[in-house]
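Let me begin by presenting the structure, written as structure tokens, before commenting on it.
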Amino acid sequence: MNNKRVGSNMLLLLTAAIWGFAFVAQRVGSQYVGAFTFNGIRFAIGGISLIPLIIYFDKRKKGDSSNQSKVQVNTKKLILQGGLVGIALYAAATLQQIGLIYTTAGKASFITGLYMVFVPIIGILLKHKIEKNSWIGVLIAVVGLYLLSVNENFSIGYGDLLEVIGAIFWAIHILTIDYFSNKMDALKLSCVQFATCSILSLISALIFEQISMKGISQALVPILYGGLLSVSVAYTLQVVAQKNTKPAHAAIILSMESVFGAIGGALILGESMSSRGYIGCTLILVGILVSQIRYWPNKPKSKI
């Protein structure tokens, strides 16, 4: 393994850690502001923070020949496609943030990680070929989810259920990015999707929540973490790192965000699980890893 690949793998591990600890930030933030307010502000920060990068790369491309009409057409497509991706992001992020009010950061991180298992399943609708290891991974992960979230009355906690549904939307979000990112500039697509998610979240906050400046100030550190580190820095690290590593390897390393989420919940929030819960987490992680050993549609993109 060459030095570039080792360096890229370390950057991906750092990305996974940032995303994992974001569950802690989101759970803390949920104590002071509503889910829509939190997401609206943090994705606005994330989108704005990408603008300097977009300007920088655009300046580097200035020497390339292109006509104005082509730019206009691309702008229209960018808004449309970025908007569609942003709607999927809005649904996923909303369910995740609301779910964190009713469950722990550790459980939420592992359940959200199921999006990697759901991707190949939903990919069937897009005529993606599904490998046997993906089905094996699904079965292992389902058993893990049962042990982690289903109680003796065969019912699942409200927060855990929201996280499961959210994981499905994260998978849809990944597949839409995978489809559109080959046609559009990745940074610009991300900026538009963040802006779309932010606008939809803020509109929802105005309708369903009571926005308080005091609450926002109390949740400022979690919001900044979610906007600057989880969205802007981690995304940039992922883009840079994946230039020198294989997609399957990147997917496996990024799946460690579930582990970091549990570690963060335990160290910072004092969360703990039963032995049954830890076994469930282990099985979910094993299922994720098994499902990713040979399969991934083009390039993996984790949750924001």
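In the structure tokens, the first chain shown is A, the next is B, and so on; residue numbers restart at 1 for each chain, and ligands run from 1 in the order shown.
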
Would you please extract all alpha helix (DSSP H) residues from segment 83-246 of chain A, as assigned by DSSP on the backbone, and give them as a PyMOL selection string?
-> chain A and resi 83-102+105-112+115-122+132-149+158-180+186-208+213-218+220-224+234-241

Selection near Gly137 of chain A, 8 Å with only C-alpha atoms, sequence-local residues under 3 positions removed, as number ranges by chain | A: 117, 133-134, 140-141, 286-291

Create the file for the chosen residues now, containing N, CA and C atoms and written as a PDB file, in the first residue's frame.
ATOM      1  N   VAL A 117     -26.674  -0.711   3.661  1.00  0.00           N
ATOM      2  CA  VAL A 117     -27.324  -1.987   3.350  1.00  0.00           C
ATOM      3  C   VAL A 117     -28.537  -1.755   2.451  1.00  0.00           C
ATOM      4  N   ASN A 133     -23.282 -11.306  -1.458  1.00  0.00           N
ATOM      5  CA  ASN A 133     -22.804 -10.798  -0.167  1.00  0.00           C
ATOM      6  C   ASN A 133     -23.686  -9.652   0.347  1.00  0.00           C
ATOM      7  N   SER A 134     -24.331  -8.936  -0.579  1.00  0.00           N
ATOM      8  CA  SER A 134     -25.233  -7.861  -0.163  1.00  0.00           C
ATOM      9  C   SER A 134     -26.440  -8.439   0.570  1.00  0.00           C
ATOM     10  N   ILE A 140     -27.822 -10.242   8.138  1.00  0.00           N
ATOM     11  CA  ILE A 140     -27.070 -10.037   9.386  1.00  0.00           C
ATOM     12  C   ILE A 140     -27.477  -8.718  10.034  1.00  0.00           C
ATOM     13  N   ALA A 141     -27.595  -7.666   9.214  1.00  0.00           N
ATOM     14  CA  ALA A 141     -27.948  -6.346   9.737  1.00  0.00           C
ATOM     15  C   ALA A 141     -29.362  -6.326  10.313  1.00  0.00           C
ATOM     16  N   VAL A 286     -21.174  -5.646  11.194  1.00  0.00           N
ATOM     17  CA  VAL A 286     -20.731  -6.788  10.379  1.00  0.00           C
ATOM     18  C   VAL A 286     -21.546  -6.853   9.085  1.00  0.00           C
ATOM     19  N   GLY A 287     -22.860  -6.659   9.204  1.00  0.00           N
ATOM     20  CA  GLY A 287     -23.719  -6.680   8.028  1.00  0.00           C
ATOM     21  C   GLY A 287     -23.340  -5.602   7.031  1.00  0.00           C
ATOM     22  N   ILE A 288     -23.030  -4.411   7.536  1.00  0.00           N
ATOM     23  CA  ILE A 288     -22.618  -3.303   6.664  1.00  0.00           C
ATOM     24  C   ILE A 288     -21.321  -3.662   5.935  1.00  0.00           C
ATOM     25  N   LEU A 289     -20.351  -4.183   6.695  1.00  0.00           N
ATOM     26  CA  LEU A 289     -19.053  -4.523   6.104  1.00  0.00           C
ATOM     27  C   LEU A 289     -19.184  -5.634   5.070  1.00  0.00           C
ATOM     28  N   VAL A 290     -19.977  -6.670   5.391  1.00  0.00           N
ATOM     29  CA  VAL A 290     -20.176  -7.783   4.453  1.00  0.00           C
ATOM     30  C   VAL A 290     -20.823  -7.287   3.165  1.00  0.00           C
ATOM     31  N   SER A 291     -21.788  -6.396   3.298  1.00  0.00           N
ATOM     32  CA  SER A 291     -22.504  -5.905   2.118  1.00  0.00           C
ATOM     33  C   SER A 291     -21.632  -5.019   1.235  1.00  0.00           C
TER      34      SER A 291
END

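Atom CA of Met116 of chain A sits 13.1 Å away from atom CA of Leu139 of chain A.
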
One decimal, Å: what's the distance from atom CA of Ile293 of chain A over to atom CA of Ala251 of chain A, could you say?
-> 8.8 Å

Pick out the closest residue to Ile87 of chain A from this set: A:Ala234, A:Leu228, A:Leu200, A:Ala262. Count only C-alpha atoms.
->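 Closest candidate: A:Leu200.
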
Fewer than 5 positions away in the same chain doesn't count, so skip those; otherwise give me all residues within 12 Å of Pro222 of chain A, counting only C-alpha atoms, as a list in words.
->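 Neighbouring residues, sequence-local ones excluded: Phe21, Ala22, Phe23, Val24, Ala25, Gln26, Arg27, Val28, Gly29, Ser30, Gln31, Tyr32, Val33, Phe38, Asn39, Ile41, Arg42, Gly215, Ile216, Ser217, Gly227, Leu228, Leu229 and Ser230 of chain A.
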
Keeping only N, CA and C atoms, write the selected residues as an mmCIF file, in the first residue's frame.
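For reference, result_7.cif as written:
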data_model
loop_
_atom_site.group_PDB
_atom_site.id
_atom_site.type_symbol
_atom_site.label_atom_id
_atom_site.label_comp_id
_atom_site.auth_asym_id
_atom_site.auth_seq_id
_atom_site.Cartn_x
_atom_site.Cartn_y
_atom_site.Cartn_z
ATOM 1 N N PHE A 21 -19.165 11.668 15.515
ATOM 2 C CA PHE A 21 -19.355 12.576 16.650
ATOM 3 C C PHE A 21 -20.435 13.624 16.363
ATOM 4 N N ALA A 22 -20.812 13.768 15.094
ATOM 5 C CA ALA A 22 -21.894 14.693 14.758
ATOM 6 C C ALA A 22 -23.211 14.248 15.388
ATOM 7 N N PHE A 23 -23.374 12.939 15.611
ATOM 8 C CA PHE A 23 -24.591 12.456 16.258
ATOM 9 C C PHE A 23 -24.697 13.021 17.678
ATOM 10 N N VAL A 24 -23.551 13.154 18.334
ATOM 11 C CA VAL A 24 -23.527 13.736 19.673
ATOM 12 C C VAL A 24 -23.933 15.206 19.592
ATOM 13 N N ALA A 25 -23.350 15.930 18.641
ATOM 14 C CA ALA A 25 -23.670 17.349 18.472
ATOM 15 C C ALA A 25 -25.155 17.538 18.174
ATOM 16 N N GLN A 26 -25.697 16.679 17.313
ATOM 17 C CA GLN A 26 -27.104 16.792 16.940
ATOM 18 C C GLN A 26 -28.018 16.500 18.126
ATOM 19 N N ARG A 27 -27.634 15.520 18.943
ATOM 20 C CA ARG A 27 -28.458 15.183 20.108
ATOM 21 C C ARG A 27 -28.427 16.315 21.141
ATOM 22 N N VAL A 28 -27.247 16.897 21.343
ATOM 23 C CA VAL A 28 -27.138 18.025 22.273
ATOM 24 C C VAL A 28 -27.938 19.212 21.739
ATOM 25 N N GLY A 29 -27.808 19.478 20.446
ATOM 26 C CA GLY A 29 -28.527 20.591 19.842
ATOM 27 C C GLY A 29 -30.036 20.448 19.940
ATOM 28 N N SER A 30 -30.527 19.194 19.900
ATOM 29 C CA SER A 30 -31.973 18.948 19.954
ATOM 30 C C SER A 30 -32.576 19.332 21.311
ATOM 31 N N GLN A 31 -31.735 19.524 22.316
ATOM 32 C CA GLN A 31 -32.222 19.913 23.641
ATOM 33 C C GLN A 31 -32.582 21.407 23.699
ATOM 34 N N TYR A 32 -32.107 22.184 22.720
ATOM 35 C CA TYR A 32 -32.289 23.629 22.766
ATOM 36 C C TYR A 32 -33.122 24.186 21.610
ATOM 37 N N VAL A 33 -33.041 23.554 20.448
ATOM 38 C CA VAL A 33 -33.808 24.037 19.286
ATOM 39 C C VAL A 33 -34.500 22.861 18.614
ATOM 40 N N PHE A 38 -32.567 23.506 13.730
ATOM 41 C CA PHE A 38 -31.189 23.015 13.772
ATOM 42 C C PHE A 38 -30.679 22.724 12.365
ATOM 43 N N ASN A 39 -31.449 21.947 11.592
ATOM 44 C CA ASN A 39 -31.019 21.585 10.242
ATOM 45 C C ASN A 39 -31.000 22.785 9.305
ATOM 46 N N ILE A 41 -30.325 25.917 9.950
ATOM 47 C CA ILE A 41 -29.147 26.756 10.171
ATOM 48 C C ILE A 41 -27.869 26.020 9.795
ATOM 49 N N ARG A 42 -27.756 24.761 10.201
ATOM 50 C CA ARG A 42 -26.485 24.058 9.961
ATOM 51 C C ARG A 42 -26.240 23.797 8.474
ATOM 52 N N GLY A 215 -32.424 29.871 22.338
ATOM 53 C CA GLY A 215 -32.186 28.455 22.036
ATOM 54 C C GLY A 215 -31.076 28.282 21.018
ATOM 55 N N ILE A 216 -31.078 29.148 19.986
ATOM 56 C CA ILE A 216 -30.038 29.075 18.956
ATOM 57 C C ILE A 216 -28.666 29.349 19.548
ATOM 58 N N SER A 217 -28.582 30.343 20.440
ATOM 59 C CA SER A 217 -27.298 30.669 21.067
ATOM 60 C C SER A 217 -26.809 29.519 21.948
ATOM 61 N N GLY A 227 -22.558 22.263 10.908
ATOM 62 C CA GLY A 227 -22.462 22.996 9.659
ATOM 63 C C GLY A 227 -21.065 23.047 9.070
ATOM 64 N N LEU A 228 -20.077 23.368 9.909
ATOM 65 C CA LEU A 228 -18.713 23.538 9.413
ATOM 66 C C LEU A 228 -17.952 22.219 9.308
ATOM 67 N N LEU A 229 -17.938 21.440 10.400
ATOM 68 C CA LEU A 229 -17.162 20.202 10.393
ATOM 69 C C LEU A 229 -17.886 19.064 9.671
ATOM 70 N N SER A 230 -19.114 18.762 10.116
ATOM 71 C CA SER A 230 -19.827 17.616 9.561
ATOM 72 C C SER A 230 -20.173 17.797 8.089
#

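The space separating atom CA of Asn244 of chain A from atom CA of Arg5 of chain A comes to 5.5 Å.
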
Residue nearest Leu187 of chain A - candidates A:Ala219, A:Met273, A:Ile18, A:Val240, atoms counted: only C-alpha atoms =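 Using only C-alpha atoms, the shortest distance to Leu187 of chain A belongs to A:Val240.
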